[in-house]
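Next up, final.cif (mmCIF, C-alpha atoms and all ligand atoms):
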data_protein
loop_
_atom_site.label_atom_id
_atom_site.label_comp_id
_atom_site.auth_asym_id
_atom_site.auth_seq_id
_atom_site.Cartn_x
_atom_site.Cartn_y
_atom_site.Cartn_z
CA MET A 1 -2.10 35.31 -3.94
CA LYS A 2 0.65 33.16 -2.44
CA TYR A 3 -0.18 30.53 0.15
CA GLU A 4 1.78 28.39 2.56
CA PRO A 5 0.69 24.94 3.76
CA VAL A 6 -0.17 24.32 7.41
CA ILE A 7 0.11 20.60 8.06
CA GLY A 8 -0.46 18.53 11.19
CA LEU A 9 -0.22 14.77 11.41
CA GLU A 10 -2.02 12.10 13.35
CA ILE A 11 -0.10 8.88 13.27
CA HIS A 12 -1.51 5.60 14.53
CA ILE A 13 0.82 2.80 15.52
CA GLU A 14 -0.30 -0.68 16.55
CA LEU A 15 1.69 -1.79 19.56
CA ALA A 16 3.43 -5.17 19.48
CA THR A 17 1.96 -6.46 22.72
CA LYS A 18 1.13 -10.13 23.17
CA SER A 19 -2.55 -9.55 23.92
CA LYS A 20 -5.12 -6.96 22.93
CA MET A 21 -5.80 -3.72 24.81
CA PHE A 22 -8.68 -4.81 27.03
CA CYS A 23 -8.91 -8.62 26.72
CA SER A 24 -6.59 -11.62 26.54
CA CYS A 25 -7.04 -12.32 22.81
CA SER A 26 -3.77 -12.53 20.90
CA ALA A 27 -2.89 -9.20 19.24
CA ASP A 28 -0.81 -11.05 16.63
CA TYR A 29 -3.62 -11.33 14.11
CA PHE A 30 -1.87 -10.51 10.83
CA GLY A 31 -2.80 -13.09 8.19
CA ALA A 32 -5.13 -15.00 10.56
CA LYS A 33 -8.54 -16.29 9.46
CA PRO A 34 -11.18 -13.58 10.01
CA ASN A 35 -12.86 -13.44 13.43
CA THR A 36 -10.63 -16.07 15.05
CA HIS A 37 -8.96 -13.61 17.49
CA THR A 38 -12.12 -12.51 19.24
CA CYS A 39 -13.94 -12.80 22.56
CA PRO A 40 -16.98 -11.15 24.20
CA ILE A 41 -14.84 -8.13 25.23
CA CYS A 42 -13.39 -7.21 21.83
CA LEU A 43 -16.71 -8.06 20.15
CA GLY A 44 -18.36 -5.55 22.46
CA LEU A 45 -20.98 -7.98 23.80
CA PRO A 46 -23.22 -6.62 26.58
CA GLY A 47 -21.86 -7.13 30.07
CA ALA A 48 -18.26 -7.87 29.04
CA MET A 49 -15.76 -6.12 31.32
CA PRO A 50 -12.49 -4.72 29.92
CA LYS A 51 -9.15 -4.75 31.74
CA ALA A 52 -6.34 -2.44 30.60
CA ASN A 53 -3.15 -3.98 29.17
CA ASN A 54 -0.21 -2.74 31.27
CA GLU A 55 2.37 -3.54 28.62
CA ALA A 56 0.57 -1.26 26.14
CA ILE A 57 0.53 1.55 28.72
CA LYS A 58 4.27 1.08 29.35
CA PHE A 59 4.98 1.13 25.61
CA THR A 60 3.06 4.38 25.18
CA GLN A 61 4.83 6.00 28.11
CA LYS A 62 8.17 4.80 26.81
CA PHE A 63 7.50 6.27 23.38
CA GLY A 64 6.17 9.50 24.91
CA SER A 65 9.33 9.80 26.95
CA ALA A 66 11.51 9.14 23.89
CA ILE A 67 9.91 12.06 22.02
CA GLY A 68 10.45 14.42 24.94
CA CYS A 69 6.88 14.34 26.23
CA LYS A 70 6.02 14.84 29.85
CA LEU A 71 4.28 11.77 31.30
CA LEU A 72 1.06 12.59 33.10
CA LEU A 73 0.82 11.31 36.65
CA SER A 74 -2.96 10.99 36.43
CA SER A 75 -4.56 9.58 33.36
CA LYS A 76 -7.76 7.87 32.27
CA PHE A 77 -9.60 6.27 29.38
CA ASP A 78 -12.64 7.85 27.75
CA ARG A 79 -15.37 6.68 25.44
CA LYS A 80 -15.44 8.25 22.03
CA ASN A 81 -18.95 7.67 20.71
CA TYR A 82 -19.67 7.20 17.05
CA PHE A 83 -21.50 4.68 14.96
CA TYR A 84 -19.73 2.69 12.31
CA PRO A 85 -19.98 -1.03 11.45
CA ASP A 86 -16.31 -1.72 12.31
CA LEU A 87 -16.94 -0.59 15.88
CA ALA A 88 -19.01 -3.26 17.61
CA LYS A 89 -19.63 -1.32 20.82
CA GLY A 90 -20.76 1.93 19.23
CA PHE A 91 -17.86 3.67 20.94
CA GLN A 92 -14.08 3.44 20.92
CA VAL A 93 -12.11 3.49 24.15
CA SER A 94 -9.57 6.28 23.74
CA GLN A 95 -8.11 9.10 25.83
CA TYR A 96 -9.56 12.59 25.76
CA ASP A 97 -8.25 15.19 28.21
CA LEU A 98 -5.71 13.12 30.18
CA PRO A 99 -3.48 11.25 27.70
CA PHE A 100 -0.47 9.27 28.97
CA SER A 101 1.94 11.87 27.59
CA GLU A 102 1.93 15.36 26.16
CA GLU A 103 4.07 18.23 24.86
CA GLY A 104 7.02 16.66 23.12
CA PHE A 105 8.81 17.18 19.83
CA LEU A 106 10.81 15.46 17.14
CA GLN A 107 13.61 16.89 15.10
CA ILE A 108 13.69 16.32 11.35
CA LYS A 109 16.42 17.14 8.91
CA ALA A 110 15.41 18.84 5.68
CA GLU A 111 17.24 18.02 2.45
CA ASN A 112 19.30 21.20 2.76
CA GLY A 113 20.54 19.92 6.12
CA ASP A 114 18.52 22.33 8.26
CA LEU A 115 17.16 20.90 11.48
CA LYS A 116 13.53 21.55 12.21
CA LYS A 117 11.54 20.91 15.35
CA VAL A 118 8.04 19.53 14.98
CA ARG A 119 6.09 19.92 18.21
CA ILE A 120 3.99 16.98 19.35
CA SER A 121 0.92 17.73 21.41
CA ARG A 122 0.33 14.22 22.72
CA ALA A 123 0.84 10.48 22.46
CA HIS A 124 -2.15 8.57 23.79
CA LEU A 125 -3.52 5.07 23.76
CA GLU A 126 -6.73 3.70 22.29
CA GLU A 127 -8.09 0.53 20.76
CA ASP A 128 -8.10 -0.34 17.08
CA THR A 129 -11.35 -1.04 15.26
CA GLY A 130 -12.40 -4.02 13.17
CA LYS A 131 -11.66 -4.15 9.48
CA LEU A 132 -14.25 -3.78 6.74
CA THR A 133 -13.90 -5.49 3.37
CA HIS A 134 -16.20 -4.59 0.51
CA ALA A 135 -16.86 -7.53 -1.82
CA THR A 136 -19.29 -8.91 -4.37
CA ILE A 137 -20.88 -12.21 -3.40
CA ASN A 138 -23.61 -13.78 -5.58
CA ASN A 139 -23.76 -10.57 -7.61
CA ARG A 140 -24.51 -8.54 -4.52
CA ARG A 141 -22.29 -5.84 -3.05
CA VAL A 142 -21.65 -6.76 0.57
CA THR A 143 -19.45 -5.51 3.37
CA LEU A 144 -17.65 -8.07 5.52
CA VAL A 145 -16.42 -7.33 9.04
CA ASP A 146 -13.34 -8.92 10.58
CA PHE A 147 -12.97 -8.24 14.30
CA ASN A 148 -9.47 -9.72 14.67
CA ARG A 149 -8.08 -6.17 14.75
CA SER A 150 -10.77 -4.92 17.10
CA GLY A 151 -9.22 -3.99 20.44
CA VAL A 152 -5.57 -4.17 19.37
CA PRO A 153 -3.62 -1.46 21.27
CA LEU A 154 -3.22 1.59 19.10
CA MET A 155 -1.00 4.51 20.00
CA GLU A 156 -1.89 7.85 18.46
CA ILE A 157 0.70 10.59 18.09
CA VAL A 158 -0.69 14.02 17.35
CA SER A 159 1.61 16.74 16.05
CA GLU A 160 1.12 20.49 16.16
CA PRO A 161 0.58 22.10 12.73
CA ASP A 162 4.32 22.76 12.35
CA VAL A 163 4.88 20.84 9.11
CA GLU A 164 5.12 23.01 6.01
CA SER A 165 5.52 20.66 3.05
CA ALA A 166 4.78 17.15 1.82
CA GLN A 167 8.45 16.30 2.11
CA GLU A 168 8.62 17.44 5.74
CA ALA A 169 5.51 15.37 6.48
CA LYS A 170 7.25 12.31 5.07
CA LEU A 171 10.43 12.95 7.06
CA TYR A 172 8.42 13.44 10.24
CA ALA A 173 6.46 10.21 9.71
CA GLN A 174 9.69 8.31 8.99
CA LYS A 175 11.21 9.66 12.20
CA ILE A 176 8.17 8.46 14.16
CA ARG A 177 8.54 5.00 12.62
CA GLN A 178 12.27 4.93 13.34
CA THR A 179 11.71 5.93 16.97
CA ALA A 180 8.95 3.33 17.46
CA ARG A 181 11.26 0.65 16.07
CA TYR A 182 14.18 1.78 18.23
CA MET A 183 11.90 1.52 21.27
CA GLY A 184 10.95 -2.01 20.22
CA ILE A 185 7.26 -1.27 20.63
CA SER A 186 6.04 -1.90 17.07
CA ASP A 187 7.24 -2.95 13.64
CA ALA A 188 5.38 0.16 12.41
CA ASP A 189 4.94 -1.49 9.03
CA MET A 190 2.73 0.63 6.78
CA GLU A 191 2.12 -2.19 4.33
CA LYS A 192 0.72 -4.41 7.08
CA GLY A 193 -1.30 -1.51 8.45
CA SER A 194 0.52 -1.38 11.78
CA MET A 195 1.33 2.27 11.06
CA ARG A 196 -1.15 4.69 9.50
CA ILE A 197 -0.69 8.35 8.62
CA GLU A 198 -3.47 10.91 8.63
CA PRO A 199 -2.26 14.35 7.59
CA ASN A 200 -4.51 17.38 7.89
CA ILE A 201 -3.81 20.19 5.50
CA SER A 202 -4.92 23.75 5.03
CA LEU A 203 -3.40 26.83 3.43
CA ARG A 204 -2.91 30.35 4.72
CA GLU A 205 -1.65 33.52 3.13
CA MET A 206 2.13 33.66 3.09
CA GLY A 207 3.49 35.54 6.08
CA THR A 208 0.31 35.34 8.19
CA LYS A 209 0.38 33.49 11.48
CA THR A 210 -3.26 32.65 12.23
CA LEU A 211 -4.51 29.13 11.55
CA PRO A 212 -6.86 28.78 8.58
CA SER A 213 -10.59 28.50 9.27
CA TYR A 214 -10.85 25.03 7.71
CA LYS A 215 -8.93 21.77 7.70
CA VAL A 216 -8.89 18.84 5.28
CA GLU A 217 -8.01 15.47 6.73
CA LEU A 218 -6.58 12.70 4.56
CA LYS A 219 -7.33 9.10 5.52
CA ASN A 220 -6.27 5.61 4.54
CA ILE A 221 -2.82 6.35 3.22
CA ASN A 222 -0.61 3.28 3.31
CA SER A 223 2.83 4.40 2.21
CA PHE A 224 5.20 7.34 2.70
CA LYS A 225 5.24 7.91 -1.03
CA PHE A 226 1.45 8.16 -1.22
CA ALA A 227 1.39 10.48 1.78
CA GLU A 228 3.75 12.82 -0.02
CA LYS A 229 1.75 12.64 -3.27
CA ALA A 230 -1.61 13.12 -1.54
CA ILE A 231 -0.39 16.21 0.34
CA ASP A 232 1.08 17.74 -2.80
CA TYR A 233 -2.19 17.12 -4.61
CA GLU A 234 -4.16 18.73 -1.75
CA ILE A 235 -1.95 21.83 -1.77
CA LYS A 236 -2.62 22.24 -5.48
CA ARG A 237 -6.36 21.60 -5.15
CA GLN A 238 -6.80 24.01 -2.24
CA THR A 239 -4.74 26.72 -3.94
CA GLU A 240 -7.09 26.62 -6.93
CA ILE A 241 -10.17 26.95 -4.69
CA LEU A 242 -8.65 29.83 -2.73
CA ASN A 243 -7.63 31.58 -5.95
CA LYS A 244 -11.28 31.58 -6.96
CA GLY A 245 -12.06 33.46 -3.76
CA GLU A 246 -13.69 30.41 -2.13
CA VAL A 247 -12.81 28.45 1.03
CA PRO A 248 -12.20 24.69 0.79
CA ALA A 249 -14.75 22.57 2.68
CA GLN A 250 -13.83 21.11 6.05
CA GLU A 251 -13.91 17.40 5.29
CA THR A 252 -12.22 14.01 5.24
CA ARG A 253 -10.76 12.89 1.95
CA GLY A 254 -9.22 9.65 0.75
CA PHE A 255 -6.36 9.17 -1.67
CA ASN A 256 -6.99 7.35 -4.94
CA GLU A 257 -3.66 5.67 -5.67
CA GLN A 258 -4.41 4.87 -9.32
CA LYS A 259 -5.47 8.38 -10.27
CA GLY A 260 -3.14 10.17 -7.84
CA ILE A 261 -5.97 12.39 -6.59
CA THR A 262 -7.86 12.89 -3.32
CA VAL A 263 -11.63 12.37 -3.17
CA SER A 264 -14.21 13.58 -0.69
CA GLN A 265 -15.35 10.93 1.80
CA ARG A 266 -17.38 12.74 4.43
CA SER A 267 -17.69 16.11 6.06
CA LYS A 268 -15.44 16.30 9.07
CA GLU A 269 -16.87 15.65 12.51
CA PHE A 270 -15.93 18.11 15.24
CA ALA A 271 -14.64 16.83 18.57
CA HIS A 272 -17.89 17.55 20.41
CA ASP A 273 -19.79 15.25 18.06
CA TYR A 274 -18.11 12.32 19.78
CA ARG A 275 -19.67 13.03 23.19
CA TYR A 276 -16.53 11.97 25.04
CA PHE A 277 -16.99 10.86 28.64
CA PRO A 278 -14.83 8.88 31.10
CA GLU A 279 -14.92 5.12 30.51
CA PRO A 280 -16.89 3.85 33.51
CA ASP A 281 -15.57 0.26 33.28
CA LEU A 282 -11.90 1.23 33.66
CA PRO A 283 -10.51 2.92 36.78
CA PRO A 284 -8.40 6.09 36.39
CA LEU A 285 -4.64 5.46 36.45
CA HIS A 286 -2.06 7.06 38.69
CA PHE A 287 1.72 7.08 38.40
CA THR A 288 4.56 8.48 40.48
CA GLU A 289 7.40 10.85 39.52
CA ARG A 290 9.75 7.98 40.26
CA GLN A 291 8.04 5.75 37.71
CA SER A 292 8.32 8.49 35.07
CA GLU A 293 12.01 8.98 35.87
CA LYS A 294 12.62 5.26 35.66
CA ILE A 295 11.03 5.05 32.20
CA LYS A 296 13.16 7.97 31.04
CA ASN A 297 16.36 6.50 32.47
CA GLU A 298 15.77 3.11 30.92
CA LEU A 299 15.25 4.38 27.37
CA PRO A 300 17.61 2.84 24.83
CA GLU A 301 19.90 5.10 22.83
CA LEU A 302 17.70 7.30 20.64
CA PRO A 303 18.25 7.65 16.87
CA ASP A 304 19.60 11.21 17.18
CA GLU A 305 22.00 10.21 19.96
CA LYS A 306 23.27 7.23 18.00
CA TYR A 307 23.75 9.39 14.93
CA GLN A 308 25.82 11.95 16.86
CA ARG A 309 27.87 9.23 18.54
CA PHE A 310 28.61 7.50 15.21
CA ILE A 311 29.93 10.76 13.75
CA LYS A 312 32.16 11.36 16.76
CA LYS A 313 33.32 7.86 17.65
CA PHE A 314 33.73 6.41 14.16
CA ASN A 315 34.67 9.59 12.38
CA LEU A 316 31.86 9.16 9.87
CA GLY A 317 30.38 11.76 7.59
CA VAL A 318 26.79 12.89 8.23
CA TYR A 319 25.49 10.98 5.22
CA ASP A 320 27.03 7.66 6.31
CA ALA A 321 25.98 8.13 9.93
CA GLU A 322 22.44 8.92 8.83
CA ILE A 323 22.09 5.77 6.73
CA LEU A 324 23.77 3.48 9.25
CA THR A 325 21.54 4.62 12.13
CA ARG A 326 18.27 4.47 10.20
CA GLU A 327 17.66 0.91 11.40
CA GLN A 328 18.89 -0.19 14.78
CA LYS A 329 19.91 -3.63 13.50
CA VAL A 330 22.13 -2.12 10.82
CA ALA A 331 23.66 0.26 13.36
CA GLU A 332 24.51 -2.62 15.68
CA TYR A 333 25.92 -4.61 12.79
CA PHE A 334 28.15 -1.74 11.78
CA GLU A 335 29.39 -1.30 15.35
CA GLU A 336 30.40 -4.95 15.56
CA ALA A 337 32.07 -4.86 12.17
CA ALA A 338 33.93 -1.67 13.12
CA LYS A 339 35.22 -3.39 16.24
CA ALA A 340 36.42 -6.43 14.28
CA GLY A 341 37.81 -4.21 11.54
CA GLY A 342 39.80 -2.14 14.00
CA LYS A 343 41.95 -5.15 14.81
CA ALA A 344 42.68 -5.62 11.11
CA GLN A 345 43.35 -1.91 10.74
CA ILE A 346 40.47 -1.48 8.33
CA SER A 347 39.07 2.00 8.64
CA THR A 348 35.51 2.53 9.79
CA LYS A 349 34.94 4.57 6.65
CA VAL A 350 35.75 1.53 4.47
CA ILE A 351 33.41 -0.66 6.52
CA ALA A 352 30.66 1.97 6.40
CA ASN A 353 30.98 2.26 2.62
CA PHE A 354 30.87 -1.48 2.21
CA ILE A 355 27.69 -1.85 4.27
CA ILE A 356 25.99 1.10 2.58
CA ASN A 357 26.89 0.13 -0.99
CA GLN A 358 26.92 -3.68 -0.89
CA LYS A 359 23.99 -4.01 1.53
CA PRO A 360 25.10 -7.40 2.91
CA ASN A 361 22.41 -9.69 4.32
CA ILE A 362 22.99 -8.89 7.96
CA GLU A 363 20.91 -11.82 9.15
CA LYS A 364 23.23 -14.33 7.50
CA PHE A 365 26.59 -12.65 7.07
CA LEU A 366 28.46 -12.17 10.36
CA PRO A 367 30.28 -8.86 10.94
CA ALA A 368 33.60 -10.79 11.23
CA ASP A 369 32.98 -12.44 7.82
CA LEU A 370 32.29 -9.04 6.36
CA VAL A 371 35.61 -7.76 7.71
CA SER A 372 37.48 -10.74 6.25
CA GLN A 373 35.86 -10.13 2.91
CA ILE A 374 36.73 -6.44 2.94
CA TYR A 375 40.22 -7.41 3.97
CA ARG A 376 40.64 -9.74 1.00
CA LYS A 377 39.20 -7.16 -1.38
CA THR A 378 41.16 -4.18 -0.17
CA GLN A 379 44.61 -5.59 0.45
CA LYS A 380 46.81 -5.22 -2.59
CA THR A 381 50.11 -6.48 -1.25
CA TYR A 382 50.63 -9.64 0.67
CA ILE A 383 53.58 -10.55 2.77
CA PRO A 384 54.99 -14.00 2.00
CA ASP A 385 54.99 -16.54 4.85
CA ASP A 386 58.75 -16.49 5.52
CA GLU A 387 58.69 -12.70 5.76
CA LEU A 388 55.71 -12.90 8.08
CA GLU A 389 57.58 -15.34 10.31
CA GLU A 390 60.41 -12.83 10.59
CA ILE A 391 57.97 -10.11 11.60
CA VAL A 392 56.26 -12.35 14.17
CA LYS A 393 59.60 -13.33 15.71
CA LYS A 394 60.64 -9.68 15.88
CA VAL A 395 57.36 -8.75 17.57
CA LEU A 396 57.73 -11.59 20.09
CA GLY A 397 61.23 -10.38 20.89
CA GLU A 398 60.07 -6.82 21.42
CA ASN A 399 57.00 -7.60 23.50
CA LYS A 400 58.32 -9.74 26.35
CA LYS A 401 55.63 -8.57 28.75
CA ALA A 402 52.76 -9.58 26.44
CA VAL A 403 54.44 -12.95 25.78
CA GLU A 404 54.71 -13.58 29.52
CA ASP A 405 51.11 -12.53 30.08
CA TYR A 406 49.93 -14.84 27.35
CA LYS A 407 51.84 -17.76 28.83
CA LYS A 408 50.20 -17.00 32.19
CA GLY A 409 46.87 -17.48 30.44
CA LYS A 410 45.89 -13.91 29.63
CA ASP A 411 44.19 -14.26 26.25
CA ALA A 412 43.96 -10.51 25.80
CA ALA A 413 47.76 -10.42 25.45
CA LEU A 414 47.44 -12.23 22.16
CA GLN A 415 45.41 -9.32 20.75
CA VAL A 416 48.23 -6.95 21.70
CA LEU A 417 50.67 -9.13 19.77
CA VAL A 418 48.36 -9.41 16.76
CA GLY A 419 48.05 -5.65 16.80
CA ALA A 420 51.84 -5.29 16.86
CA VAL A 421 52.21 -7.68 13.92
CA MET A 422 49.55 -5.80 11.99
CA GLY A 423 51.39 -2.56 12.68
CA GLU A 424 54.78 -3.99 11.71
CA SER A 425 53.34 -5.36 8.43
CA LYS A 426 51.51 -2.08 7.83
CA GLY A 427 48.25 -4.00 7.71
CA ASN A 428 49.34 -6.15 4.77
CA ILE A 429 48.41 -9.37 6.43
CA ASP A 430 45.27 -11.22 7.38
CA PRO A 431 44.93 -10.82 11.16
CA GLN A 432 43.66 -14.41 11.43
CA LYS A 433 46.84 -15.61 9.78
CA ALA A 434 48.99 -13.46 12.07
CA LYS A 435 47.11 -14.82 15.07
CA ALA A 436 47.58 -18.44 13.96
CA MET A 437 51.32 -17.96 13.45
CA LEU A 438 51.68 -16.21 16.80
CA GLU A 439 49.88 -19.03 18.60
CA ASN A 440 52.02 -21.56 16.80
CA LEU A 441 55.29 -19.89 17.75
CA LEU A 442 54.17 -19.19 21.31
CA THR A 443 53.29 -22.81 22.04
CA HIS A 444 56.38 -24.38 20.48
ZN ZN B 501 -10.86 -10.35 22.81
#

Translate the structure of the given file into structure tokens.
Ligand SMILES: [Zn+2]
Amino acid sequence: MKYEPVIGLEIHIELATKSKMFCSCSADYFGAKPNTHTCPICLGLPGAMPKANNEAIKFTQKFGSAIGCKLLLSSKFDRKNYFYPDLAKGFQVSQYDLPFSEEGFLQIKAENGDLKKVRISRAHLEEDTGKLTHATINNRRVTLVDFNRSGVPLMEIVSEPDVESAQEAKLYAQKIRQTARYMGISDADMEKGSMRIEPNISLREMGTKTLPSYKVELKNINSFKFAEKAIDYEIKRQTEILNKGEVPAQETRGFNEQKGITVSQRSKEFAHDYRYFPEPDLPPLHFTERQSEKIKNELPELPDEKYQRFIKKFNLGVYDAEILTREQKVAEYFEEAAKAGGKAQISTKVIANFIINQKPNIEKFLPADLVSQIYRKTQKTYIPDDELEEIVKKVLGENKKAVEDYKKGKDAALQVLVGAVMGESKGNIDPQKAKAMLENLLTH
């Protein structure tokens, strides 16, 4: 029997707001001493009243809009009841039937270049839980609870079961991270735990369309590589069970990184086990069409848009455009370098190659410095100074209008002259040098 995987993903992203979701504690807790970012609200003490963080709501709506979701005009928070030591209140404030956004999609590009749409059912907002650490103290196994993370805004993005392989799952998760970073709403760093992936996997007979009767959810995966490995392992494990004529159990499994296998953690709860009901301490929220439109109109350029523009505007190949737009900072760096390089007649392709292959430290190395360096490395012939002076004089003679403009104080005219010198010398001259000589001759 041949099977095909049916994979859906739940991705949690901690939002980079200043304060937590329902209290004024700082949400920037990474590396802080345990239980120092807490108050009666995020410790769930009786009588404490929560207040929703507007910035977190905005961030979720912004992200929802970026992935093509419709923003709901009426929304609310609900209590999701379950008992676990990392949840002080005995319930988590989440969103059940009225999330902030629903019905979107993301496009991923498979290795063969095919574009594939992964539908997204919703992006909603909830609060993060505390963190448990298992340790041995005085020869006793104990569990320690740190509530610094408790109540940090957590956005959950739920996909439809459109993903069909471990590799597609990885690409989808990377696209979510990229989009969150582009929106400036999270660093979505898996190592720090600010992004977490929970794939659910089942198999169905090849060619059938119905969803399988069971689902295995994988938890606590902290890298894209492990997500890929864990899914591949699950596909193999479930295939073996199905081949024996059995049905895999509906359960939650964890990934053992050392052994590269998944292990059973607990049998999966069904939604009704959580006894969801509207959070009585938080009023329902209402928005207008105009507010939704405004959020949509104010979105920054999305990764796909930037990618398309880079191909068109800078004449880049798909591979280069893909790499350069992966991180917004790198994309901006390239754009600045391309602008500076244009004046020195260095092609965008050369600049793109340099950034991709040499990976300059973009925090320290200015785009203009990069262009100068490329210039020095790529120019084979140099024009001697006396020859350059001839060229500059010729250009000044032929561009009377620009010379006049410059003398009237129009600095832009100098760029025209530099461009003309670069053209006349066929690019065999450092534009800075051309500029200096032009300025010298123009002021004497
Ligand atoms: Zn607090």

Please build the interface table for chain A against ligand ZN 501 (chain B) with a cut-off of 6 Å, listing for each qualifying residue the nearest atom pair and the distance in Å to one decimal; count all atoms listed in the file, order rows by chain and increasing number, and write it as a tab-separated table.
residue	atom	partner	partner_atom	distance
A:Cys23	CA	B:ZN501	ZN	4.7
A:Ser24	CA	B:ZN501	ZN	5.8
A:Cys25	CA	B:ZN501	ZN	4.3
A:Thr38	CA	B:ZN501	ZN	4.4
A:Cys39	CA	B:ZN501	ZN	3.9
A:Ile41	CA	B:ZN501	ZN	5.2
A:Cys42	CA	B:ZN501	ZN	4.1

TODO: Would you list the contacts of segment 223-233 of chain A as a PyMOL selection string, taking every protein, DNA or RNA residue within 6 Å and counting only C-alpha atoms, but skipping same-chain residues closer than 2 positions in sequence?
DONE: chain A and resi 166+170+190+235-236

Task: Who sits within 8 Å of segment 299-309 of chain A, all atoms listed in the file, same chain under 3 positions skipped, as a list in words - done: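 That gives Lys62, Ala66, Gln178, Thr179, Tyr182, Met183, Ile295, Lys296, Lys312, Lys313, Phe314, Ala321, Glu322, Thr325 and Arg326 of chain A.
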
Open item on the list: Set the distance at 9 Å and use only C-alpha atoms: which residues neighbour segment 184-189 of chain A once local chain neighbours fewer than 2 positions away are removed? I'd like the list as a ChimeraX atom specification.
Closed with: /A:13-17,56,59-60,62-63,176-182,191-196

Open item on the list: Between atom CA of Glu289 of chain A and atom CA of Leu72 of chain A, what distance in Å does the model show, to one decimal?
Closed with: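 Answer for the atom CA of Glu289 of chain A to atom CA of Leu72 of chain A separation: 9.2 Å.
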
Open item on the list: Would you compute the distance between atom CA of Gly254 of chain A and atom CA of Lys116 of chain A? Give it in Å to one decimal.
Closed with: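 One can read the atom CA of Gly254 of chain A to atom CA of Lys116 of chain A distance as 28.1 Å.
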
Task: Computed interatomic separation between atom CA of Glu127 of chain A and atom CA of Lys219 of chain A (Å) - done: 17.5 Å

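Closest approach to Asn35 of chain A from the set A:Asp128, A:Asp78, A:Asp146, A:Glu164 is made by A:Asp146, with distances taken over all atoms listed in the file.
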
Task: Ile7 of chain A surroundings by all atoms listed in the file, 7 Å radius, close-in-sequence under 5 positions cut, as JSON, numbers by chain - done: {"A": [161, 162, 163, 164, 199, 200, 201, 202]}

Select, counting all atoms listed in the file, all protein, DNA and RNA residues no farther than 6 Å from (44.6, -8.5, 2.5) in file coordinates, and express the selection as a tab-separated table (two decimals) with C-alpha atoms, in the frame of the given file.
chain	number	residue	atom	x	y	z
A	375	TYR	CA	40.22	-7.41	3.97
A	376	ARG	CA	40.64	-9.74	1.00
A	379	GLN	CA	44.61	-5.59	0.45
A	428	ASN	CA	49.34	-6.15	4.77
A	429	ILE	CA	48.41	-9.37	6.43
A	430	ASP	CA	45.27	-11.22	7.38

Task: Distance criterion (only C-alpha atoms): nearest to Ile311 of chain A out of A:Pro50, A:Glu198, A:Ile323, A:Ala32 - done: A:Ile323

All residues 12 Å or closer to Thr208 of chain A, only C-alpha atoms, same chain fewer than 4 positions away omitted, as a compact mmCIF listing (two decimals) with C-alpha atoms, keeping the file's coordinate frame:
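Written output follows (selection-v8.txt):
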# COMPACT_ATOMS: atom_id res chain seq x y z
CA LYS A 2 0.65 33.16 -2.44
CA TYR A 3 -0.18 30.53 0.15
CA GLU A 4 1.78 28.39 2.56
CA PRO A 5 0.69 24.94 3.76
CA VAL A 6 -0.17 24.32 7.41
CA LEU A 203 -3.40 26.83 3.43
CA ARG A 204 -2.91 30.35 4.72
CA PRO A 212 -6.86 28.78 8.58

Open item on the list: When you count all atoms listed in the file, which of these residues is closest to Ile67 of chain A: A:Ile137, A:Ile221, A:Ile157, A:Leu115?
Closed with: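 Looking at the shortest contact to Ile67 of chain A, the residue is A:Ile157.
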
Six-sided padding of 5 Å per side, axis-aligned box over segment 427-441 of chain A, centre and edges in Å, one decimal, as lines of an AutoDock Vina configuration file:
center_x = 49.5
center_y = -12.8
center_z = 11.7
size_x = 21.6
size_y = 27.6
size_z = 23.8

TODO: Identify which of the residues A:Ile57, A:Ala340, A:Ala110, A:Val158 lies closest to Glu126 of chain A, counting only C-alpha atoms when measuring atom-to-atom distances.
DONE: A:Ile57

TODO: Would you list the residues near (-15.3, 10.7, -2.1), meaning any protein, DNA or RNA residue with an atom at most 7 Å from that point in file coordinates, counting all atoms listed in the file, as a list of chain:residue names?
DONE: A:Arg253, A:Gly254, A:Val263, A:Ser264, A:Gln265

As a tab-separated table (two decimals), keeping the file's coordinate frame, could you write out segment 364-370 of chain A once it has been completed with N, CA and C atoms?
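out15.tsv written:
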chain	number	residue	atom	x	y	z
A	364	LYS	N	22.47	-13.12	7.82
A	364	LYS	CA	23.23	-14.33	7.50
A	364	LYS	C	24.74	-14.13	7.55
A	365	PHE	N	25.18	-12.93	7.25
A	365	PHE	CA	26.59	-12.65	7.07
A	365	PHE	C	27.12	-12.01	8.35
A	366	LEU	N	27.98	-12.71	9.09
A	366	LEU	CA	28.46	-12.17	10.36
A	366	LEU	C	29.39	-10.97	10.14
A	367	PRO	N	29.40	-10.03	11.09
A	367	PRO	CA	30.28	-8.86	10.94
A	367	PRO	C	31.74	-9.27	10.71
A	368	ALA	N	32.20	-10.35	11.40
A	368	ALA	CA	33.60	-10.79	11.23
A	368	ALA	C	33.85	-11.28	9.81
A	369	ASP	N	32.85	-11.96	9.21
A	369	ASP	CA	32.98	-12.44	7.82
A	369	ASP	C	33.08	-11.26	6.87
A	370	LEU	N	32.29	-10.24	7.19
A	370	LEU	CA	32.29	-9.04	6.36
A	370	LEU	C	33.69	-8.41	6.38
